[in-house]
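Structure data follow from work01.cif (mmCIF, C-alpha atoms):
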data_data
#
loop_
_atom_site.label_atom_id
_atom_site.label_comp_id
_atom_site.auth_asym_id
_atom_site.auth_seq_id
_atom_site.Cartn_x
_atom_site.Cartn_y
_atom_site.Cartn_z
CA MET I 1 14.93 -20.89 -28.57
CA ILE I 2 15.49 -17.23 -29.48
CA LEU I 3 14.63 -16.14 -25.92
CA ARG I 4 17.11 -18.68 -24.52
CA LEU I 5 19.89 -17.41 -26.78
CA LEU I 6 19.14 -13.82 -25.83
CA PHE I 7 19.19 -14.77 -22.16
CA LEU I 8 22.65 -16.33 -22.57
CA GLN I 9 23.94 -13.31 -24.49
CA ILE I 10 22.71 -10.88 -21.86
CA THR I 11 24.27 -13.11 -19.19
CA LEU I 12 27.70 -12.80 -20.82
CA LEU I 13 27.38 -9.03 -21.23
CA ILE I 14 26.42 -8.43 -17.61
CA ILE I 15 29.19 -10.68 -16.32
CA LYS I 16 31.78 -8.30 -17.85
CA ASP I 17 30.33 -5.35 -15.95
CA THR I 18 29.87 -7.11 -12.62
CA GLU I 19 31.74 -5.50 -9.75
CA ALA I 20 30.07 -7.23 -6.78
CA GLN I 21 31.96 -10.20 -5.36
CA ARG I 22 29.65 -12.44 -3.33
CA ASN I 23 29.59 -16.08 -2.43
CA GLU I 24 26.88 -18.64 -2.95
CA GLY I 25 24.20 -18.31 -0.27
CA ASP I 26 24.91 -14.64 0.44
CA SER I 27 22.08 -12.14 0.61
CA CYS I 28 21.74 -9.85 -2.40
CA VAL I 29 19.39 -7.26 -3.88
CA ASP I 30 17.90 -7.63 -7.34
CA SER I 31 18.81 -4.42 -9.17
CA TYR I 32 15.58 -4.27 -11.20
CA THR I 33 12.99 -4.90 -8.51
CA ASN I 34 15.12 -3.78 -5.52
CA THR I 35 14.00 -6.92 -3.69
CA VAL I 36 15.99 -9.27 -1.49
CA GLY I 37 17.34 -12.49 -2.93
CA VAL I 38 20.03 -15.12 -2.45
CA CYS I 39 23.13 -15.70 -4.57
CA LYS I 40 22.72 -19.00 -6.41
CA PRO I 41 24.24 -20.68 -9.45
CA SER I 42 22.27 -19.67 -12.53
CA GLU I 43 21.28 -23.27 -13.23
CA SER I 44 19.77 -23.48 -9.73
CA CYS I 45 17.60 -20.42 -10.26
CA PRO I 46 14.95 -21.09 -12.91
CA ARG I 47 13.24 -17.96 -11.59
CA ALA I 48 15.90 -15.74 -13.21
CA LYS I 49 15.23 -17.32 -16.59
CA ALA I 50 11.45 -17.01 -16.08
CA ASP I 51 11.85 -13.34 -15.12
CA TYR I 52 13.56 -12.64 -18.39
CA GLU I 53 11.32 -14.76 -20.63
CA LEU I 54 8.04 -13.58 -19.07
CA ASN I 55 8.87 -10.02 -18.04
CA GLY I 56 12.03 -9.03 -19.91
CA ILE I 57 13.96 -8.57 -16.65
CA ARG I 58 17.71 -8.99 -16.93
CA PRO I 59 19.32 -10.98 -14.09
CA THR I 60 21.49 -9.36 -11.43
CA PHE I 61 24.77 -11.21 -11.05
CA CYS I 62 26.56 -11.67 -7.75
CA GLU I 63 29.84 -13.05 -9.05
CA TYR I 64 31.47 -14.58 -12.06
CA SER I 65 33.39 -17.74 -11.24
CA ALA I 66 36.49 -18.77 -13.16
CA PHE I 67 35.21 -22.32 -12.87
CA GLY I 68 32.23 -21.50 -15.07
CA THR I 69 29.62 -21.09 -12.34
CA ASN I 70 27.65 -17.85 -12.58
CA LEU I 71 26.00 -16.68 -9.39
CA VAL I 72 22.77 -14.77 -9.94
CA CYS I 73 20.65 -12.91 -7.42
CA CYS I 74 17.71 -15.28 -7.11
CA ARG I 75 14.61 -13.55 -5.80
CA GLU I 76 12.44 -15.01 -3.05
CA ASP I 77 9.39 -17.13 -3.88
CA ASN I 78 6.71 -14.87 -2.37
CA SER I 79 6.83 -12.26 -5.12
CA ILE I 80 4.14 -12.52 -7.80
CA LEU I 81 6.11 -10.57 -10.39
CA GLN I 82 6.56 -13.47 -12.80
CA THR I 83 3.44 -15.27 -13.93
CA VAL I 84 2.13 -17.11 -16.94
CA LYS I 85 -1.49 -16.52 -15.92
CA PRO I 86 -3.10 -13.65 -17.85
CA ARG I 87 -4.08 -10.77 -15.61
CA THR I 88 -7.15 -8.63 -15.93
CA VAL I 89 -6.77 -4.88 -15.98
CA ASP I 90 -8.17 -2.39 -13.53
CA PRO I 91 -11.96 -2.43 -14.03
CA ARG I 92 -12.94 0.39 -16.33
CA PRO I 93 -15.60 2.72 -14.97
CA VAL I 94 -19.04 2.75 -16.51
CA TRP I 95 -19.31 5.81 -18.74
CA ASN I 96 -22.55 7.67 -19.09
CA ALA I 97 -22.98 10.90 -21.01
CA ASN I 98 -25.05 12.29 -18.14
CA ASP I 99 -22.62 11.19 -15.44
CA ASN I 100 -20.29 14.04 -14.53
CA ARG I 101 -18.46 12.24 -11.76
CA ARG I 102 -14.69 12.01 -11.85
CA VAL I 103 -12.80 8.84 -12.73
CA SER I 104 -11.95 7.93 -9.11
CA GLU I 105 -15.64 7.97 -8.21
CA ARG I 106 -16.51 5.76 -11.15
CA LYS I 107 -13.69 3.39 -10.25
CA CYS I 108 -15.19 3.22 -6.77
CA ASP I 109 -18.46 2.06 -8.28
CA ALA I 110 -16.62 -0.66 -10.18
CA TYR I 111 -14.86 -1.84 -6.99
CA SER I 112 -18.15 -1.79 -5.10
CA ARG I 113 -19.91 -3.91 -7.73
CA SER I 114 -17.21 -6.56 -7.37
CA VAL I 115 -18.13 -7.18 -3.72
CA ILE I 116 -21.89 -7.33 -4.15
CA GLU I 117 -23.78 -10.50 -4.95
CA ARG I 118 -27.37 -11.06 -6.01
CA VAL I 119 -29.26 -13.10 -3.43
CA GLU I 120 -32.39 -14.98 -4.48
CA VAL I 121 -35.00 -15.70 -1.83
CA SER I 122 -37.57 -18.45 -2.38
CA PRO I 123 -40.81 -17.71 -0.49
CA LEU I 124 -42.97 -20.32 1.17
CA LEU I 125 -46.11 -19.07 -0.57
CA VAL I 126 -46.81 -20.91 -3.84
CA SER I 127 -48.46 -17.85 -5.35
CA ASN I 128 -45.29 -15.75 -4.99
CA ASP I 129 -42.49 -15.94 -7.59
CA GLY I 130 -39.81 -14.96 -5.12
CA ILE I 131 -37.64 -11.91 -4.56
CA SER I 132 -34.00 -10.99 -4.93
CA PHE I 133 -31.74 -8.33 -3.43
CA ASP I 134 -28.13 -7.21 -3.45
CA ALA I 135 -25.94 -8.16 -0.49
CA SER I 136 -22.36 -7.26 0.41
CA LYS I 137 -19.83 -10.08 0.19
CA CYS I 138 -17.78 -9.38 3.31
CA THR I 139 -17.92 -9.83 7.07
CA TYR I 140 -16.88 -6.33 8.14
CA THR I 141 -18.45 -4.99 11.32
CA SER I 142 -18.02 -1.32 12.19
CA VAL I 143 -15.63 -0.25 14.94
CA GLU I 144 -17.23 1.78 17.69
CA LEU I 145 -14.50 1.79 20.08
CA ILE I 146 -2.17 2.03 17.38
CA ILE I 147 -2.45 3.54 20.72
CA GLY I 148 -5.48 2.40 22.61
CA GLY I 149 -6.56 0.31 19.63
CA GLU I 150 -7.25 -3.38 19.11
CA ASP I 151 -6.34 -6.17 16.73
CA ALA I 152 -8.04 -5.98 13.35
CA ASN I 153 -10.01 -8.99 12.21
CA LYS I 154 -8.58 -11.20 9.49
CA GLY I 155 -9.32 -9.66 6.10
CA GLU I 156 -11.12 -6.68 7.63
CA PHE I 157 -9.02 -4.12 5.75
CA PRO I 158 -8.16 -5.80 2.42
CA HIS I 159 -6.65 -2.60 1.01
CA MET I 160 -4.08 -2.36 3.80
CA ALA I 161 -0.47 -2.45 2.64
CA ALA I 162 2.82 -2.82 4.53
CA ILE I 163 5.80 -1.06 2.94
CA GLY I 164 9.12 -2.87 3.31
CA TRP I 165 12.79 -1.95 3.09
CA ALA I 166 15.51 -4.51 2.39
CA ASN I 167 17.52 -5.07 5.56
CA PHE I 168 20.99 -6.47 6.23
CA ASP I 169 19.62 -9.84 7.34
CA GLY I 170 18.17 -10.80 3.98
CA GLY I 171 14.60 -9.81 4.84
CA TYR I 172 12.43 -6.72 5.02
CA ASP I 173 11.69 -4.10 7.65
CA PHE I 174 8.12 -2.86 7.38
CA ASN I 175 8.32 0.71 8.65
CA CYS I 176 5.33 2.31 6.91
CA GLY I 177 1.85 1.52 5.75
CA GLY I 178 -0.27 2.40 2.75
CA ALA I 179 -3.55 1.68 0.98
CA LEU I 180 -4.12 -0.15 -2.29
CA ILE I 181 -6.24 2.09 -4.55
CA SER I 182 -5.98 0.30 -7.90
CA ARG I 183 -4.45 -2.81 -9.44
CA GLN I 184 -1.04 -1.17 -9.55
CA PHE I 185 -0.87 1.73 -7.08
CA VAL I 186 -0.61 2.21 -3.34
CA VAL I 187 -1.04 5.61 -1.70
CA THR I 188 1.23 6.43 1.24
CA ALA I 189 3.05 9.35 2.86
CA GLY I 190 5.79 11.24 1.05
CA HIS I 191 8.21 10.68 3.92
CA CYS I 192 7.68 6.91 3.51
CA THR I 193 9.66 6.95 0.26
CA TRP I 194 13.08 7.35 1.88
CA ASP I 195 14.76 5.87 4.98
CA SER I 196 18.42 6.77 5.37
CA ARG I 197 18.86 4.06 8.02
CA ALA I 198 17.92 1.23 5.65
CA ARG I 199 20.21 -0.91 3.54
CA ASP I 200 18.76 0.88 0.53
CA PRO I 201 16.99 4.16 1.42
CA ALA I 202 14.15 3.53 -1.06
CA PRO I 203 11.43 1.03 -0.10
CA ALA I 204 11.63 -2.28 -1.97
CA VAL I 205 8.29 -4.07 -1.69
CA VAL I 206 4.66 -3.70 -0.78
CA ARG I 207 3.08 -6.54 1.18
CA LEU I 208 -0.63 -7.09 0.63
CA GLY I 209 -3.12 -9.40 2.31
CA ASP I 210 -1.24 -9.76 5.58
CA GLN I 211 -2.47 -9.69 9.16
CA ASN I 212 0.63 -10.38 11.24
CA ILE I 213 3.82 -9.23 9.53
CA ASP I 214 5.94 -11.67 11.53
CA THR I 215 6.63 -14.42 9.00
CA ALA I 216 7.08 -16.92 11.85
CA VAL I 217 3.44 -16.48 12.91
CA ASN I 218 0.82 -18.57 11.12
CA ASP I 219 -2.24 -16.30 11.14
CA GLY I 220 -4.02 -17.97 8.24
CA ALA I 221 -3.26 -15.09 5.88
CA ASN I 222 -1.65 -15.60 2.46
CA PRO I 223 0.23 -12.35 1.85
CA ILE I 224 2.08 -11.44 -1.31
CA ASP I 225 5.13 -9.20 -1.69
CA ILE I 226 5.17 -7.10 -4.83
CA PRO I 227 8.27 -5.14 -5.87
CA ILE I 228 7.94 -1.38 -6.22
CA ARG I 229 8.70 -0.28 -9.78
CA ASN I 230 8.39 3.51 -9.45
CA ILE I 231 7.90 6.02 -6.67
CA HIS I 232 5.78 9.08 -7.42
CA LYS I 233 6.20 11.74 -4.76
CA HIS I 234 3.91 14.72 -4.96
CA PRO I 235 5.81 17.44 -6.86
CA SER I 236 5.26 19.94 -4.01
CA TYR I 237 6.61 17.64 -1.30
CA LYS I 238 9.94 19.08 -0.16
CA PRO I 239 11.30 17.25 2.89
CA PRO I 240 11.87 17.89 5.72
CA SER I 241 8.81 20.12 5.29
CA LYS I 242 5.63 18.45 6.59
CA TYR I 243 3.39 19.75 3.81
CA HIS I 244 2.12 17.80 0.75
CA ASP I 245 3.20 14.61 2.51
CA ILE I 246 1.78 12.12 0.02
CA ALA I 247 3.18 9.67 -2.54
CA LEU I 248 2.07 6.90 -4.89
CA LEU I 249 3.94 3.60 -5.18
CA GLU I 250 3.69 1.99 -8.60
CA LEU I 251 3.91 -1.78 -8.33
CA ALA I 252 5.92 -3.94 -10.69
CA THR I 253 2.91 -6.03 -11.63
CA LEU I 254 -0.87 -5.87 -11.57
CA VAL I 255 -2.64 -7.13 -8.48
CA GLU I 256 -5.19 -9.89 -8.81
CA PHE I 257 -8.08 -8.92 -6.53
CA GLU I 258 -9.46 -11.46 -4.08
CA ASP I 259 -11.36 -11.45 -0.79
CA ALA I 260 -8.28 -10.53 1.25
CA ILE I 261 -6.78 -8.11 -1.30
CA ARG I 262 -8.87 -5.42 -2.95
CA PRO I 263 -8.66 -1.63 -3.27
CA ALA I 264 -10.17 1.19 -1.27
CA CYS I 265 -11.96 4.20 -2.73
CA LEU I 266 -10.77 7.80 -2.53
CA TRP I 267 -12.71 10.38 -0.57
CA THR I 268 -13.31 13.30 -2.94
CA GLN I 269 -15.32 15.77 -0.82
CA ASP I 270 -13.74 18.74 0.95
CA GLY I 271 -15.57 18.02 4.19
CA PHE I 272 -16.35 14.73 5.91
CA GLY I 273 -20.05 14.49 5.01
CA ASP I 274 -21.99 12.54 7.63
CA TYR I 275 -18.86 10.99 9.09
CA GLN I 276 -17.78 12.12 12.56
CA LYS I 277 -15.29 9.32 13.11
CA ALA I 278 -12.81 7.41 10.97
CA ILE I 279 -10.68 4.32 11.50
CA ALA I 280 -6.90 4.39 11.57
CA THR I 281 -4.98 1.18 10.91
CA GLY I 282 -1.32 0.25 11.08
CA TRP I 283 1.51 -1.84 12.48
CA GLY I 284 3.12 1.04 14.37
CA VAL I 285 4.10 1.74 17.98
CA VAL I 286 1.63 0.46 20.59
CA ASP I 287 3.67 1.34 23.69
CA VAL I 288 4.97 4.91 23.88
CA VAL I 289 7.42 4.04 26.68
CA THR I 290 9.16 1.02 25.14
CA LYS I 291 8.46 2.07 21.51
CA LYS I 292 7.31 -1.48 20.87
CA THR I 293 5.57 -1.89 17.53
CA SER I 294 2.77 -4.29 16.74
CA LYS I 295 3.24 -7.25 14.44
CA GLU I 296 -0.53 -7.65 14.34
CA LEU I 297 -2.53 -5.12 12.33
CA GLN I 298 -4.18 -2.64 14.70
CA LYS I 299 -7.30 -0.51 14.31
CA VAL I 300 -8.61 2.43 16.29
CA SER I 301 -11.60 4.75 15.88
CA LEU I 302 -10.74 8.47 15.95
CA SER I 303 -12.83 11.63 15.89
CA LEU I 304 -12.56 13.83 12.82
CA LEU I 305 -11.72 17.32 14.03
CA ARG I 306 -11.72 20.75 12.43
CA ASN I 307 -8.35 22.30 11.59
CA GLU I 308 -9.29 25.55 13.32
CA ASP I 309 -9.95 23.62 16.54
CA CYS I 310 -6.70 21.65 16.33
CA ASP I 311 -4.38 24.51 15.37
CA PRO I 312 -4.30 26.12 18.85
CA LEU I 313 -3.71 22.72 20.46
CA LEU I 314 -0.57 22.14 18.42
CA LEU I 315 1.17 25.50 18.80
CA ASN I 316 4.10 23.78 20.53
CA ALA I 317 4.50 21.47 17.53
CA ARG I 318 5.29 24.34 15.19
CA ASN I 319 8.82 24.72 13.85
CA ARG I 320 10.58 25.63 10.62
CA ASN I 321 9.18 22.51 8.94
CA TRP I 322 5.57 22.97 10.01
CA ALA I 323 3.99 26.37 10.62
CA GLY I 324 0.46 25.18 11.32
CA PHE I 325 -2.37 23.55 9.40
CA ALA I 326 -2.65 24.00 5.65
CA PRO I 327 -5.96 23.32 3.87
CA GLU I 328 -4.38 20.16 2.41
CA GLN I 329 -3.98 18.74 5.92
CA MET I 330 -6.54 17.45 8.41
CA CYS I 331 -6.74 16.60 12.08
CA ALA I 332 -8.04 13.51 13.89
CA GLY I 333 -7.74 12.04 17.35
CA GLU I 334 -9.32 11.88 20.78
CA LEU I 335 -8.76 15.02 22.85
CA ARG I 336 -9.06 13.04 26.08
CA GLY I 337 -6.09 10.98 24.92
CA GLY I 338 -5.50 7.25 24.92
CA LYS I 339 -6.25 6.65 21.22
CA ASP I 340 -3.93 7.73 18.45
CA THR I 341 -1.63 6.75 15.62
CA CYS I 342 2.09 6.64 16.34
CA GLN I 343 5.54 6.00 14.84
CA GLY I 344 5.41 3.23 12.26
CA ASP I 345 1.83 4.06 11.31
CA SER I 346 3.10 6.65 8.82
CA GLY I 347 1.54 6.38 5.38
CA SER I 348 -1.29 4.19 6.65
CA PRO I 349 -4.85 5.16 5.76
CA LEU I 350 -7.42 6.99 7.83
CA GLN I 351 -10.59 5.48 6.42
CA ALA I 352 -14.34 5.16 6.78
CA ALA I 353 -16.59 2.33 5.64
CA SER I 354 -19.05 3.21 2.91
CA LYS I 355 -22.56 3.65 4.25
CA ALA I 356 -23.95 2.08 1.07
CA ASN I 357 -21.58 -0.92 1.02
CA PRO I 358 -19.61 -1.78 4.20
CA CYS I 359 -17.19 -3.90 2.14
CA ILE I 360 -15.77 -0.71 0.63
CA PHE I 361 -13.67 1.84 2.50
CA TYR I 362 -13.00 5.45 1.64
CA VAL I 363 -9.47 6.70 2.32
CA ILE I 364 -9.98 10.11 3.88
CA GLY I 365 -6.47 10.82 5.11
CA VAL I 366 -2.89 9.55 5.05
CA THR I 367 -1.07 9.37 8.38
CA SER I 368 1.59 12.08 8.34
CA PHE I 369 2.92 13.02 11.80
CA GLY I 370 2.04 13.81 15.38
CA ARG I 371 3.55 15.29 18.49
CA GLN I 372 3.04 12.90 21.40
CA CYS I 373 1.26 9.62 20.73
CA GLY I 374 -1.94 9.21 22.69
CA LYS I 375 -1.47 12.25 24.92
CA SER I 376 -4.58 14.27 25.71
CA GLY I 377 -5.02 17.43 23.68
CA THR I 378 -2.51 16.43 20.98
CA PRO I 379 -4.34 15.03 17.93
CA ALA I 380 -2.37 13.82 14.92
CA ILE I 381 -1.97 15.42 11.50
CA TYR I 382 -3.01 13.65 8.31
CA THR I 383 -2.70 14.52 4.64
CA ARG I 384 -6.19 15.33 3.30
CA VAL I 385 -6.73 12.97 0.34
CA SER I 386 -9.48 15.05 -1.28
CA SER I 387 -6.96 17.86 -1.86
CA TYR I 388 -4.88 15.62 -4.14
CA ILE I 389 -7.51 13.86 -6.26
CA ASP I 390 -6.48 15.61 -9.48
CA TRP I 391 -2.86 14.58 -9.04
CA ILE I 392 -3.72 11.01 -7.99
CA GLU I 393 -6.00 10.49 -10.97
CA SER I 394 -3.39 11.86 -13.37
CA VAL I 395 -0.85 9.27 -12.15
CA VAL I 396 -3.04 6.24 -11.47
CA TRP I 397 -5.60 6.51 -14.30
CA PRO I 398 -4.05 8.71 -17.00
CA GLY I 399 -6.24 9.19 -20.03
CA GLU I 400 -9.37 7.85 -18.36
#

Can you present the structure in this file as structure tokens?
Amino acid sequence: MILRLLFLQITLLIIKDTEAQRNEGDSCVDSYTNTVGVCKPSESCPRAKADYELNGIRPTFCEYSAFGTNLVCCREDNSILQTVKPRTVDPRPVWNANDNRRVSERKCDAYSRSVIERVEVSPLLVSNDGISFDASKCTYTSVELIIGGEDANKGEFPHMAAIGWANFDGGYDFNCGGALISRQFVVTAGHCTWDSRARDPAPAVVRLGDQNIDTAVNDGANPIDIPIRNIHKHPSYKPPSKYHDIALLELATLVEFEDAIRPACLWTQDGFGDYQKAIATGWGVVDVVTKKTSKELQKVSLSLLRNEDCDPLLLNARNRNWAGFAPEQMCAGELRGGKDTCQGDSGSPLQAASKANPCIFYVIGVTSFGRQCGKSGTPAIYTRVSSYIDWIESVVWPGE
């Protein structure tokens, strides 16, 4: 009863300050979550009441009617912000006094354990008690082959995120990608935190668990849209400069992990170890002539190249915003051309499957920029994730 009274009091207070004048059925943007909704009478939007009672979120009002009908911005049904189901927290790493690994590495162990199952094998010999072994709980198969890429398999990259901006048609434009790295954070590119062409320059939602981002296509996926609560750009990122192009998106609620939605690990080494290739994923441009983007998630295998080898190849790409490779950047591509990331792939991960557990991916780089998509001798530039581990851990897992 107290919550209901408070809800009504807040309703009256906000009505006095409302400046927007919209009609029932008009598109609107919820001021707290920055997500798209529809103007509806308050009594027709139980979601607004649930948002306040469960999450303390005050409603955004479209219009106050002299006839006593209050129009609220009623958010769409595919957001999981409000919930009565208790949510588990990000799995805490296993602490050991003799384990000097950093928190992101221990988190990776926790994620890996969640996709391993114990398999018991019963032998045919009566004298044998049987054996058991650990097996990965996924169907990922490595890519040995996005420009020159191919469709990803359903659920193949469960950490993949699409970043959406509210558009003028009441929906979202997904212009960047990212990677889920915890229950509440997605890593992406710094330049993916602002789009001056959008209805609101800041991104509104992160879509997880999707395969084809065209809502009219039934691909069997069950994606969720989660509002972005805070945007953490790296403090050294100063656009339009191309350096330190990395950001963290803090989600408005914790993500419940499942087969199609689970986090990736962070690559912490300076070099690439035994990896010579990595996989780029995204929904970006697949035709450099028409600039047509893909609605279906694409994947492509790219060679990991040394900065000193790439620097001479990209002399023509230098300008006042990029003066050549910094140690915090990395290079990947195919020098013969034909395979590359392109516009719209920005922020998406460059990743490699764990050799110990193929269900787990390591994010090695974040797609930053390139010169000419798929052209021979012009590899793309990525933000080197290992250079930002300290900063990422301080934001995502403070105090751990």

Quiz item: Quick one, how far is CA of Asp210 (chain I) from CA of Ser27 (chain I)?
Solution: 24.0 Å

Quiz item: Near Pro240 (chain I), within 12 Å and counting all atoms listed in the file, which residues show up once chain neighbours fewer than 4 positions away are dropped, as a VMD selection string?
Solution: chain I and resid 190 to 192 194 236 244 to 245 319 to 322 369

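Near region 379-381 of chain I, within 6 Å and counting only C-alpha atoms, sit Met330, Cys331, Ala332, Gly333, Ser368, Phe369 and Gly370 of chain I; same-chain residues fewer than 2 positions away were not included.
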
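With distances taken over all atoms listed in the file, I:Ala152 is the one residue among I:Val363, I:Ala221, I:Ala152, I:Ile213 lying closest to Val300 (chain I).
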
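Each of I:Ile360, I:Ala161, I:Ala204, I:Leu71 was checked against Gly282 (chain I) using all atoms listed in the file; the smallest atom-to-atom distance is that of I:Ala161.
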
Practice problem: Dig up all the protein and nucleic acid residues within 12 Å of (6.1, 16.7, -9.3) in the file frame, using only C-alpha atoms, and format them as an MDAnalysis selection string. | Solution: chainID I and resid 190 231:238 244 246:248 391:392 394:395

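Across the model, the gap from CA of Glu105 (chain I) to CA of Lys355 (chain I) is 14.9 Å.
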
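The residue that comes closest to Ala110 (chain I), out of I:Val385, I:Leu335, I:Ala323, I:Ala264 and on the basis of all atoms listed in the file, is I:Ala264.
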
Quiz prompt | Computed interatomic separation between CA of Glu156 (chain I) and CA of Pro227 (chain I) (Å) | solution = 23.7 Å

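Using the PyMOL selection byres ((chain I and resi 255) around 6) on the file at hand returns these residues: Arg183, Leu254 and Glu256 of chain I.
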
Quiz item: Exactly which residues make up the result of the PyMOL selection byres ((chain I and resi 271) around 12) on this file, given as a PyMOL selection string?
Solution: chain I and resi 267-270+272-276+304-307+327-331+364-365+384-387

Check what the PyMOL selection byres ((chain I and resi 229) around 8) selects in the file above and give those residues as a CSV table (one decimal) with C-alpha atoms, in the frame of the given file.
chain,number,residue,atom,x,y,z
I,33,THR,CA,13.0,-4.9,-8.5
I,227,PRO,CA,8.3,-5.1,-5.9
I,228,ILE,CA,7.9,-1.4,-6.2
I,230,ASN,CA,8.4,3.5,-9.4
I,231,ILE,CA,7.9,6.0,-6.7
I,249,LEU,CA,3.9,3.6,-5.2
I,250,GLU,CA,3.7,2.0,-8.6
I,251,LEU,CA,3.9,-1.8,-8.3
I,252,ALA,CA,5.9,-3.9,-10.7

Find the spatial neighbours of Gly220 (chain I), counting all atoms listed in the file, within a cut-off of 12 Å - ignore same-chain residues fewer than 3 positions away - and output them as a short mmCIF file (atom, residue, chain, number, x, y, z; two decimals) with C-alpha atoms, keeping the file's coordinate frame.
data_model
loop_
_atom_site.label_atom_id
_atom_site.label_comp_id
_atom_site.auth_asym_id
_atom_site.auth_seq_id
_atom_site.Cartn_x
_atom_site.Cartn_y
_atom_site.Cartn_z
CA ASN I 153 -10.01 -8.99 12.21
CA LYS I 154 -8.58 -11.20 9.49
CA GLY I 155 -9.32 -9.66 6.10
CA GLY I 209 -3.12 -9.40 2.31
CA ASP I 210 -1.24 -9.76 5.58
CA GLN I 211 -2.47 -9.69 9.16
CA ASN I 212 0.63 -10.38 11.24
CA ILE I 213 3.82 -9.23 9.53
CA THR I 215 6.63 -14.42 9.00
CA ALA I 216 7.08 -16.92 11.85
CA VAL I 217 3.44 -16.48 12.91
CA PRO I 223 0.23 -12.35 1.85
CA ALA I 260 -8.28 -10.53 1.25
#

Quiz prompt | Counting only C-alpha atoms, the option among I:Val366, I:Leu313, I:Leu302, I:Val115 closest to Glu258 (chain I) | solution = I:Val115

With 8 Å added on each side, what axis-aligned box encloses every listed atom of region 243-260 of chain I? Give the centre and edge lengths in Å to one decimal, as JSON.
{"center_x": -2.7, "center_y": 4.1, "center_z": -3.9, "size_x": 33.3, "size_y": 47.2, "size_z": 31.4}

Self-check item: Nearest residue to Asp311 (chain I) from the set I:Thr383, I:Thr378, I:Asn167, I:Ser114 (distances using all atoms listed in the file)
Solution: I:Thr378

Practice problem: Would you kindly return, as a ChimeraX atom specification, each protein, DNA or RNA residue with an atom no farther than 12 Å from any atom of Arg102 (chain I), considering all atoms listed in the file and excluding same-chain residues fewer than 3 positions away? | Solution: /I:93-96,99,105-109,266-269,389-390,392-394,397,400

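Nearest to Pro358 (chain I) of all the residues I:Ser196, I:Ser303, I:Ser112, I:Thr253 is I:Ser112, counting all atoms listed in the file.
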